[in-house]
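Visitor: Can you keep this structure in mind? I'll have questions shortly.
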Amino acid sequence: MLECGPAPAPQDLCSHQESLSMVAAPSDGFHGSQWRSTCLLPTEEQKRDVGHPGRATLDESLGDRSPWEEELLGQIRAMSDSQRSRVLEAIQHRIEEHTQVITIPGGSSGLGLQLPRAGHWGPSTVFCLQLLWKEVADPGIRELLAPLNLEPQQPVEKAFLFLVYGLILRECASSDLVRRHLMRLLELSHQTAGQREGMAVASGIASSSHLQEVWATLEHLGRTRVLRTACTSPDYQEPYTDVHWRWVSSTSLLCYGHMALHAGERILPWVDNVISRMVYYFSCSCYDNILETSFLSAAVMLVKALKQEHSTRRYRFTQIPELIQCLLAILQKEPNFLATLFRQKIILVIMELSKLQPSLKPVVKSRILQTCLQSLYMLPPMEMLKSCLPPLDLAPDVMVLYQKSMQALDLLLQTFISENKSMDEMCFLLQHTEPWLKSDKSHECKRVVQTIFLLLKYVVDYVKLTDEATPSMLGHQIGLLMLLWRDRDPVTQSHSRQCIYLLLQLLIQQKGSMGQFMHLNKMKNFEAKALRRSEMKFYNLVKALDRSLTPAQHTQLILTLLGGLCSHDHLQCDLASQLLLMIFQNQSIKVEQVAEILQGLFQELPSIVFKNILQTMMKAVTVLGTQHTQETVEVMLSLCHPSERQVLPLWKALANNNQLARKVLMLLYMKLKLRPPKELVRLSQQAELISLLALGTIYELLYTREYKATVRWAFAGILVGLLTQLHYLFELDVVEGISDYQEDSLEVKPLSPCRTCLEALKGLFWTTNYWEVFAYLQLLRGWELFEHLETYTEGVTLLARAMAHYDCEVKAVLGQAVISLKSSEERDNIVAILVITEFLNSQELTQYMSRRAMDNFLSLGLSSPNQLVRAMSLKGLTSILMDPKKVVLLRNQLAGLLDSFMGPEPQDLMGLMGDLGDILHSLGTQGIGATSIKMAPALLSLFEDAPVRGGAISLFGDVVHSGGKKYRPALKRQAFQALVPLLFHLVDSCPAVVMKTKLTFLRCAILLKWEFRKELFGKLAWGHGLGAENDIFIYMVWTAGRLGGGPRSPWSEARSSRPAGGEQLRQLPPVSHAGVDLPGQPPQKPEADGHEVHRGHPAGLLYRPLLFPEEGRPENLQEILGGPEEGLRLREPQILPELSGRHH
């Protein structure tokens, strides 16, 4: 890891001219496509440049001339135009003879051409003049050169010929002469680097006096030669066949660079034209390393020229973005290793261009940052940089190249922030580091964090931000840095924490809070001394962030940490979850943040890999829900449709706190009551109604284990809310899909609103273990009454009756009904009065409410505008609870009807049984007492009377239930004796009889307190075929066997009353009885007693001595049940397929 030195001071920004000196050009023979670089070997100039960062290409101005130069210029100025023309021709002729590249020892301008430095016109200059002496035949011209005492002794330097050529052109007064001889020079071969650079030098020197003529000549060259060699597309790579003109575009680029360098104060009017030509020739030429070298050299010279001109800052350039785009294209093509300083030089040229006016647009700066960061950060790790180099004669110092390149990047970022001193600009710069902060490669992360640290250090030390902008994305960038606090690289860890402190310092400086600044310094020193790794190290820093960030920034910080939960790095995930839990527990989250935070968490939940991370986040959700319960519930309702269930983990998290879970259900109940009138609800908005979302959520929570106790606590409110919601949906006429629901369908599809409400109503009783009420309605097909508005009131009445029978939350529901009766909504009044009226028959009602209070409530219903409410209120006022005198009348009436019913030839049995049932229901809490003992046997005898068997079976169930505690033992014996006939009627040919039989059979099982009662109901309700009948029989036998050991058990009584059980079975007709068609099997052979038995029906098992053993023979139920271990493995019958999958 390179040590980070202190950030350079602002005054040092302009002292980096060393970066503008270029590397040497490649040899002309190197045009390979294996890698894109301009040079493999550093030149001598590069080596000196590394040690002397202040060097420039042209250290001194051409204006500082030595005596030799002055003497040469004097001789040139003394020539006539004709003499100058002949000298130029001689030089052209001599240059043409030099077909071989002359490599000049020493440094260069980065182009392979050494220019004589001012004051160093030494022997090589003399030897060039020797050439002129030989080539010029005119005696007059020789006389002009004679005072120089030239003697041809050594080879000449070709570069000097171009220099003299340019000086002569510069001193010419004739424009035509300049154009003619410059064009002749440019028509020479452009094959070698020295030739191209010499032409450019001559053109540049000439342009200092003849700018328009040189420009016109270059324009002509472009039209006639450059465009002929241009590529047809950027990807076109086929070389131009004529090597004489192949690199003419590179020559032109160099010419424009030297023109700019020699233009002086005249550069500004021409600069946009110069840049446009450079960009155009670069874009349309076939790309190779010679072209990119020439273009970069021209750009360097242009930048130097602009830096020397003081009025540059006031000039508004038009072509800078295009020029930068070309430089970025070169940078993108650099190979993924370091052999030259090309990266550094390109970045520094761009840095200088970014200072010009107008300021770069964000899109241009964004391209610059993306390209520069990618070019440097994607380099191999430091330990591999040297090994990645191709074979070289002289390997460069890779560490120095890397250092200089990274320093150039730091200077670029510092220039950007110095040009726009705002927090917005800081965030803009940090935004482009995000891909590298998220990188899985340690060295990339390490580099970007170091860059950020140096930038922030520079800003804190030298830049005063001019505005108090509070960009929200700053929170996002802080979050990315926080996620590196546990990075495996200790340097990255350290820099990331220091970056957070520096950002906090900037925020505090913006606010001008000296107290917070002092606290931050103390905290920083404390953290620096902390050696143990603990979450408490982060606590103070998290608190400081909570105080310093705006709500928008704080939200972005949290969202970024939420994104860190999905990493496959457990350390990072754990850090993110712990930081989030700290933030949530710190109570720093504002109400306006809740929605965005929960939405972000909801999006990340499916991608969280580690279970313990998910558990930590659920704790955080619990904390958030405790602080902002209402907002949390509202947002969670909007995240997705409840039936999709992705949001269910969040709802479960809110149930971790019992009080919070109650608040949640209360809020859902309140949302359920937000029911706008039909006139205000558009068809397209129905699915978005908050009451429907609350309904769907309640439906899901009914089957969520974490809410089981809370649902039981809120039973009454949920029940009344669901009943009124269903009525509201009927009002909206959204009944589609309520009747075509199939319980046994395996297809999973969303339920319609009405069906959801009905299934929630059913699930409320099932999940709270009030399954007897559920069974009561299921076996009477009472739930179907809720599928139509016309039968809705009957369904509510039947449901309330079942609740009263089984004392299901009567007190709590009565309280909710009373509240609803006072509501201004008609639907609330309807539900309330139906429930209250039925509850008047409950045996426990008088314990919960006085007769006077009930009278007041019922009287309130008499004033309702709804006719049904008034009628039901009047019915309630005439009940025996409100008018006890009616008990005597009803019992007298019951006695008379019972005499008729039990007479020798009763008339209209169905009518009598109906009247008896009504009286039983009206007596309610008073019961029928001893009368039940008389009625039960009489009804049992009618089970085989085909016309009235259904009514008798149904009334039998009411009788055994209404006898009261005093007569329960006797009624149990009657119920047990009815089991076998009821078992036969389970396969009755009449569906209505079967339905009534199932209910009565279940009521007998409940009265007898069988085990597996709930499982028995499952088979009665949803079982089909012989298998279900066998299971029902096994439940009966298993329970009877368990009870058989006690002297008072029904099984023992069955033994003593064997003729009533076994004899009853033996006395049945051989094939069928009372509408029972036994399974289609041929009659078996008569048993010993002569009776035929259908062994396919479960009742056939009763003939076996196993159930009624002879005296002295032990019972062996295991022969039927397959052993106790088999019995214990009886699977629990499944409830509705929709319900069965919801046991969490």
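Every chain in the structure tokens takes a letter, A first, then B, and so on in the order presented; its residues are numbered from 1, and the ligands are numbered from 1 following the presented order.
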What's around Gly625 (chain A) at 10 Å? Count only C-alpha atoms, leave out sequence neighbours fewer than 3 positions away in its own chain, and write the answer as a short mmCIF file (atom, residue, chain, number, x, y, z; two decimals) with all heavy atoms, in the first residue's frame.

Guide:
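Just written: result-v6.cif:
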```
data_model
loop_
_atom_site.label_atom_id
_atom_site.label_comp_id
_atom_site.auth_asym_id
_atom_site.auth_seq_id
_atom_site.Cartn_x
_atom_site.Cartn_y
_atom_site.Cartn_z
N PHE A 584 -32.32 2.31 14.56
CA PHE A 584 -33.73 2.19 14.93
C PHE A 584 -33.91 2.39 16.43
O PHE A 584 -34.84 3.07 16.87
CB PHE A 584 -34.28 0.84 14.50
CG PHE A 584 -34.55 0.72 13.02
CD1 PHE A 584 -33.86 1.50 12.11
CD2 PHE A 584 -35.49 -0.16 12.53
CE1 PHE A 584 -34.10 1.40 10.75
CE2 PHE A 584 -35.74 -0.27 11.18
CZ PHE A 584 -35.03 0.51 10.29
N VAL A 594 -40.59 6.75 7.50
CA VAL A 594 -41.04 5.38 7.71
C VAL A 594 -41.40 4.70 6.39
O VAL A 594 -40.99 3.55 6.13
CB VAL A 594 -42.24 5.34 8.67
CG1 VAL A 594 -42.81 3.93 8.77
CG2 VAL A 594 -41.83 5.85 10.04
N LYS A 619 -36.14 -7.78 14.48
CA LYS A 619 -36.09 -7.02 15.74
C LYS A 619 -36.16 -5.52 15.45
O LYS A 619 -36.84 -4.77 16.16
CB LYS A 619 -34.80 -7.34 16.49
CG LYS A 619 -34.70 -8.75 17.02
CD LYS A 619 -33.37 -8.96 17.73
CE LYS A 619 -33.21 -10.39 18.21
NZ LYS A 619 -31.88 -10.62 18.83
N ALA A 620 -35.46 -5.09 14.41
CA ALA A 620 -35.49 -3.68 14.05
C ALA A 620 -36.88 -3.24 13.63
O ALA A 620 -37.33 -2.14 13.97
CB ALA A 620 -34.48 -3.41 12.92
N VAL A 621 -37.59 -4.10 12.89
CA VAL A 621 -38.96 -3.77 12.49
C VAL A 621 -39.85 -3.65 13.72
O VAL A 621 -40.73 -2.77 13.79
CB VAL A 621 -39.49 -4.83 11.51
CG1 VAL A 621 -40.97 -4.61 11.22
CG2 VAL A 621 -38.70 -4.80 10.21
N THR A 622 -39.64 -4.53 14.68
CA THR A 622 -40.42 -4.44 15.92
C THR A 622 -40.19 -3.10 16.60
O THR A 622 -41.13 -2.45 17.08
CB THR A 622 -40.04 -5.59 16.87
OG1 THR A 622 -40.21 -6.84 16.18
CG2 THR A 622 -40.90 -5.57 18.11
N HIS A 628 -43.52 3.99 15.66
CA HIS A 628 -44.42 4.60 14.67
C HIS A 628 -45.43 3.54 14.21
O HIS A 628 -45.40 3.10 13.06
CB HIS A 628 -43.64 5.14 13.48
CG HIS A 628 -42.55 6.12 13.83
ND1 HIS A 628 -42.82 7.42 14.21
CD2 HIS A 628 -41.21 5.98 13.88
CE1 HIS A 628 -41.67 8.04 14.46
NE2 HIS A 628 -40.69 7.19 14.28
N THR A 629 -46.30 3.14 15.11
CA THR A 629 -47.19 2.02 14.82
C THR A 629 -48.14 2.33 13.67
O THR A 629 -48.27 1.55 12.72
CB THR A 629 -48.00 1.65 16.07
OG1 THR A 629 -47.11 1.48 17.18
CG2 THR A 629 -48.78 0.37 15.84
N GLN A 630 -48.81 3.45 13.73
CA GLN A 630 -49.81 3.77 12.70
C GLN A 630 -49.17 3.89 11.33
O GLN A 630 -49.69 3.33 10.35
CB GLN A 630 -50.53 5.08 13.06
CG GLN A 630 -51.61 5.45 12.05
CD GLN A 630 -52.45 6.63 12.51
OE1 GLN A 630 -52.45 6.97 13.67
NE2 GLN A 630 -53.16 7.24 11.59
N GLU A 631 -48.06 4.60 11.24
CA GLU A 631 -47.40 4.78 9.94
C GLU A 631 -46.89 3.43 9.42
O GLU A 631 -46.96 3.16 8.21
CB GLU A 631 -46.24 5.77 10.06
CG GLU A 631 -46.65 7.20 10.33
CD GLU A 631 -47.09 7.42 11.77
OE1 GLU A 631 -46.79 6.55 12.62
OE2 GLU A 631 -47.71 8.47 12.04
N THR A 632 -46.38 2.61 10.33
CA THR A 632 -45.88 1.31 9.91
C THR A 632 -46.99 0.45 9.33
O THR A 632 -46.82 -0.17 8.27
CB THR A 632 -45.23 0.58 11.11
OG1 THR A 632 -44.16 1.39 11.62
CG2 THR A 632 -44.70 -0.77 10.71
N VAL A 633 -48.13 0.42 10.00
CA VAL A 633 -49.26 -0.38 9.50
C VAL A 633 -49.74 0.16 8.16
O VAL A 633 -49.99 -0.61 7.21
CB VAL A 633 -50.40 -0.37 10.54
CG1 VAL A 633 -51.67 -0.97 9.94
CG2 VAL A 633 -49.99 -1.14 11.78
N LEU A 650 -42.92 -9.17 7.84
CA LEU A 650 -42.96 -7.90 8.55
C LEU A 650 -44.11 -7.87 9.55
O LEU A 650 -43.97 -7.36 10.66
CB LEU A 650 -43.10 -6.74 7.55
CG LEU A 650 -41.96 -6.59 6.53
CD1 LEU A 650 -42.23 -5.40 5.62
CD2 LEU A 650 -40.63 -6.44 7.24
N TRP A 651 -45.25 -8.42 9.15
CA TRP A 651 -46.38 -8.48 10.09
C TRP A 651 -46.02 -9.38 11.28
O TRP A 651 -46.38 -9.09 12.43
CB TRP A 651 -47.62 -9.03 9.39
CG TRP A 651 -48.23 -8.09 8.39
CD1 TRP A 651 -48.26 -8.24 7.04
CD2 TRP A 651 -48.90 -6.85 8.66
NE1 TRP A 651 -48.89 -7.19 6.45
CE2 TRP A 651 -49.30 -6.32 7.41
CE3 TRP A 651 -49.18 -6.14 9.83
CZ2 TRP A 651 -49.98 -5.11 7.31
CZ3 TRP A 651 -49.87 -4.94 9.71
CH2 TRP A 651 -50.27 -4.44 8.47
N ALA A 653 -43.11 -9.79 12.50
CA ALA A 653 -42.17 -9.04 13.36
C ALA A 653 -42.92 -8.14 14.32
O ALA A 653 -42.50 -7.95 15.47
CB ALA A 653 -41.20 -8.24 12.50
N LEU A 654 -44.02 -7.57 13.88
CA LEU A 654 -44.80 -6.69 14.76
C LEU A 654 -45.49 -7.46 15.87
O LEU A 654 -45.96 -6.85 16.84
CB LEU A 654 -45.84 -5.93 13.93
CG LEU A 654 -45.29 -4.99 12.84
CD1 LEU A 654 -46.43 -4.26 12.15
CD2 LEU A 654 -44.31 -3.99 13.43
N ALA A 655 -45.57 -8.77 15.72
CA ALA A 655 -46.22 -9.58 16.77
C ALA A 655 -45.25 -10.03 17.84
O ALA A 655 -45.65 -10.70 18.80
CB ALA A 655 -46.89 -10.80 16.13
N ASN A 657 -43.94 -8.24 19.97
CA ASN A 657 -44.33 -7.49 21.16
C ASN A 657 -45.85 -7.61 21.30
O ASN A 657 -46.59 -7.21 20.40
CB ASN A 657 -43.91 -6.02 21.01
CG ASN A 657 -44.24 -5.19 22.23
OD1 ASN A 657 -45.34 -5.24 22.76
ND2 ASN A 657 -43.27 -4.39 22.67
N LEU A 660 -47.77 -4.39 21.00
CA LEU A 660 -47.71 -3.89 19.63
C LEU A 660 -48.64 -4.68 18.73
O LEU A 660 -49.33 -4.10 17.87
CB LEU A 660 -46.26 -3.98 19.11
CG LEU A 660 -46.03 -3.55 17.66
CD1 LEU A 660 -46.46 -2.10 17.45
CD2 LEU A 660 -44.57 -3.74 17.28
N ALA A 661 -48.69 -5.99 18.92
CA ALA A 661 -49.58 -6.82 18.11
C ALA A 661 -51.04 -6.40 18.31
O ALA A 661 -51.83 -6.36 17.35
CB ALA A 661 -49.40 -8.29 18.47
N LYS A 663 -52.06 -3.37 19.13
CA LYS A 663 -52.24 -2.10 18.43
C LYS A 663 -52.41 -2.32 16.94
O LYS A 663 -53.20 -1.64 16.27
CB LYS A 663 -51.03 -1.19 18.69
CG LYS A 663 -50.94 -0.63 20.09
CD LYS A 663 -49.73 0.28 20.21
CE LYS A 663 -49.60 0.85 21.62
NZ LYS A 663 -48.40 1.73 21.74
N VAL A 664 -51.65 -3.27 16.40
CA VAL A 664 -51.73 -3.56 14.97
C VAL A 664 -53.13 -4.01 14.59
O VAL A 664 -53.73 -3.53 13.63
CB VAL A 664 -50.67 -4.62 14.58
CG1 VAL A 664 -50.94 -5.16 13.17
CG2 VAL A 664 -49.28 -4.03 14.65
#
```

Visitor: Within 9 Å of Ala260 (chain A), counting only C-alpha atoms, which residues qualify if same-chain residues fewer than 3 places away don't, as a ChimeraX atom specification?

Guide: /A:204,207,255-257,263-264,266-267,270-271,274,298,301-306

Visitor: Env of His641 (chain A): 12 Å cut, atoms = only C-alpha atoms, seq-sep filter 4 positions within chain, self excluded. Answer as a list in words.

Guide: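 Those residues are Val635, Met636, Leu637, Arg645, Gln646, Val647, Leu648, Ala687, Glu688, Leu689, Ile690, Leu692, Leu693, Ala694, Leu695, Gly696, Thr697, Tyr699, Glu700, Pro750, Leu751 and Pro753 of chain A.
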
Visitor: With N, CA and C atoms retained, could you export that selection as a short mmCIF file (atom, residue, chain, number, x, y, z; two decimals), in the first residue's frame?

Guide:
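New file result.cif:
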```
data_model
loop_
_atom_site.label_atom_id
_atom_site.label_comp_id
_atom_site.auth_asym_id
_atom_site.auth_seq_id
_atom_site.Cartn_x
_atom_site.Cartn_y
_atom_site.Cartn_z
N VAL A 635 -48.09 1.80 5.86
CA VAL A 635 -47.13 1.51 4.79
C VAL A 635 -47.17 0.03 4.42
N MET A 636 -47.22 -0.83 5.41
CA MET A 636 -47.22 -2.26 5.13
C MET A 636 -48.47 -2.69 4.38
N LEU A 637 -49.57 -2.01 4.60
CA LEU A 637 -50.77 -2.30 3.83
C LEU A 637 -50.59 -1.97 2.35
N ARG A 645 -48.43 -12.36 0.17
CA ARG A 645 -47.78 -12.87 1.39
C ARG A 645 -46.29 -12.55 1.51
N GLN A 646 -45.71 -11.77 0.57
CA GLN A 646 -44.30 -11.41 0.76
C GLN A 646 -44.10 -10.51 1.97
N VAL A 647 -45.15 -9.78 2.34
CA VAL A 647 -45.02 -8.86 3.45
C VAL A 647 -45.30 -9.53 4.79
N LEU A 648 -45.64 -10.80 4.76
CA LEU A 648 -46.02 -11.49 6.00
C LEU A 648 -44.90 -11.50 7.05
N ALA A 687 -60.25 -2.19 -5.87
CA ALA A 687 -59.17 -3.04 -5.38
C ALA A 687 -58.21 -2.28 -4.48
N GLU A 688 -58.22 -0.95 -4.57
CA GLU A 688 -57.29 -0.13 -3.79
C GLU A 688 -57.91 0.39 -2.49
N LEU A 689 -59.14 0.03 -2.22
CA LEU A 689 -59.78 0.50 -1.00
C LEU A 689 -59.00 0.02 0.21
N ILE A 690 -58.73 0.91 1.11
CA ILE A 690 -57.95 0.57 2.30
C ILE A 690 -58.66 -0.50 3.12
N LEU A 692 -60.35 -2.98 1.97
CA LEU A 692 -60.11 -4.29 1.37
C LEU A 692 -58.70 -4.78 1.67
N LEU A 693 -57.75 -3.86 1.70
CA LEU A 693 -56.38 -4.25 2.05
C LEU A 693 -56.32 -4.71 3.51
N ALA A 694 -57.03 -3.99 4.38
CA ALA A 694 -57.08 -4.40 5.78
C ALA A 694 -57.77 -5.76 5.91
N LEU A 695 -58.81 -5.98 5.13
CA LEU A 695 -59.52 -7.27 5.15
C LEU A 695 -58.58 -8.40 4.76
N GLY A 696 -57.87 -8.22 3.65
CA GLY A 696 -56.93 -9.26 3.21
C GLY A 696 -55.84 -9.53 4.22
N THR A 697 -55.39 -8.48 4.88
CA THR A 697 -54.33 -8.65 5.88
C THR A 697 -54.86 -9.41 7.10
N TYR A 699 -57.23 -11.52 7.13
CA TYR A 699 -57.40 -12.91 6.68
C TYR A 699 -56.09 -13.68 6.78
N GLU A 700 -54.97 -13.04 6.38
CA GLU A 700 -53.67 -13.71 6.47
C GLU A 700 -53.23 -13.88 7.92
N PRO A 750 -55.98 -15.86 -6.36
CA PRO A 750 -56.47 -14.87 -5.39
C PRO A 750 -57.98 -14.96 -5.22
N LEU A 751 -58.41 -14.76 -4.00
CA LEU A 751 -59.83 -14.77 -3.70
C LEU A 751 -60.42 -13.40 -4.00
N PRO A 753 -62.90 -10.19 -3.16
CA PRO A 753 -63.10 -9.53 -1.86
C PRO A 753 -64.18 -10.20 -1.01
#
```

Visitor: So, with only C-alpha atoms as the atoms that count, which of A:Arg86, A:Arg179, A:His554, A:Lys652 lies closest to Met617 (chain A)?

Guide: A:Lys652

Visitor: Can you list, as number ranges by chain, every protein, DNA or RNA residue that comes within 10 Å of Leu218 (chain A) when you count only C-alpha atoms, leaving out same-chain residues fewer than 2 positions away?

Guide: A: 179, 182-183, 186, 203, 212-216, 220-226, 251-253, 255-256, 277

Visitor: Record the distance separating CA of Lys404 (chain A) and CA of Ile347 (chain A), expressed in Å with one decimal.

Guide: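 About the pair CA of Lys404 (chain A) and CA of Ile347 (chain A): they are 10.7 Å apart.
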
Visitor: For the structure I just gave you, how does DSSP split region 385-600 of chain A - specifically, which residues are alpha helix (DSSP H)? Reply as a PyMOL selection string.

Guide: chain A and resi 385+398-419+423-431+434-437+442-462+473-482+490-511+514-529+536-548+551-563+570-585+594-600

Visitor: Go ahead and compute the interatomic distance for CA of Thr492 (chain A) and CA of Leu412 (chain A), in Å to one decimal.

Guide: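 These two atoms are separated by 22.1 Å.
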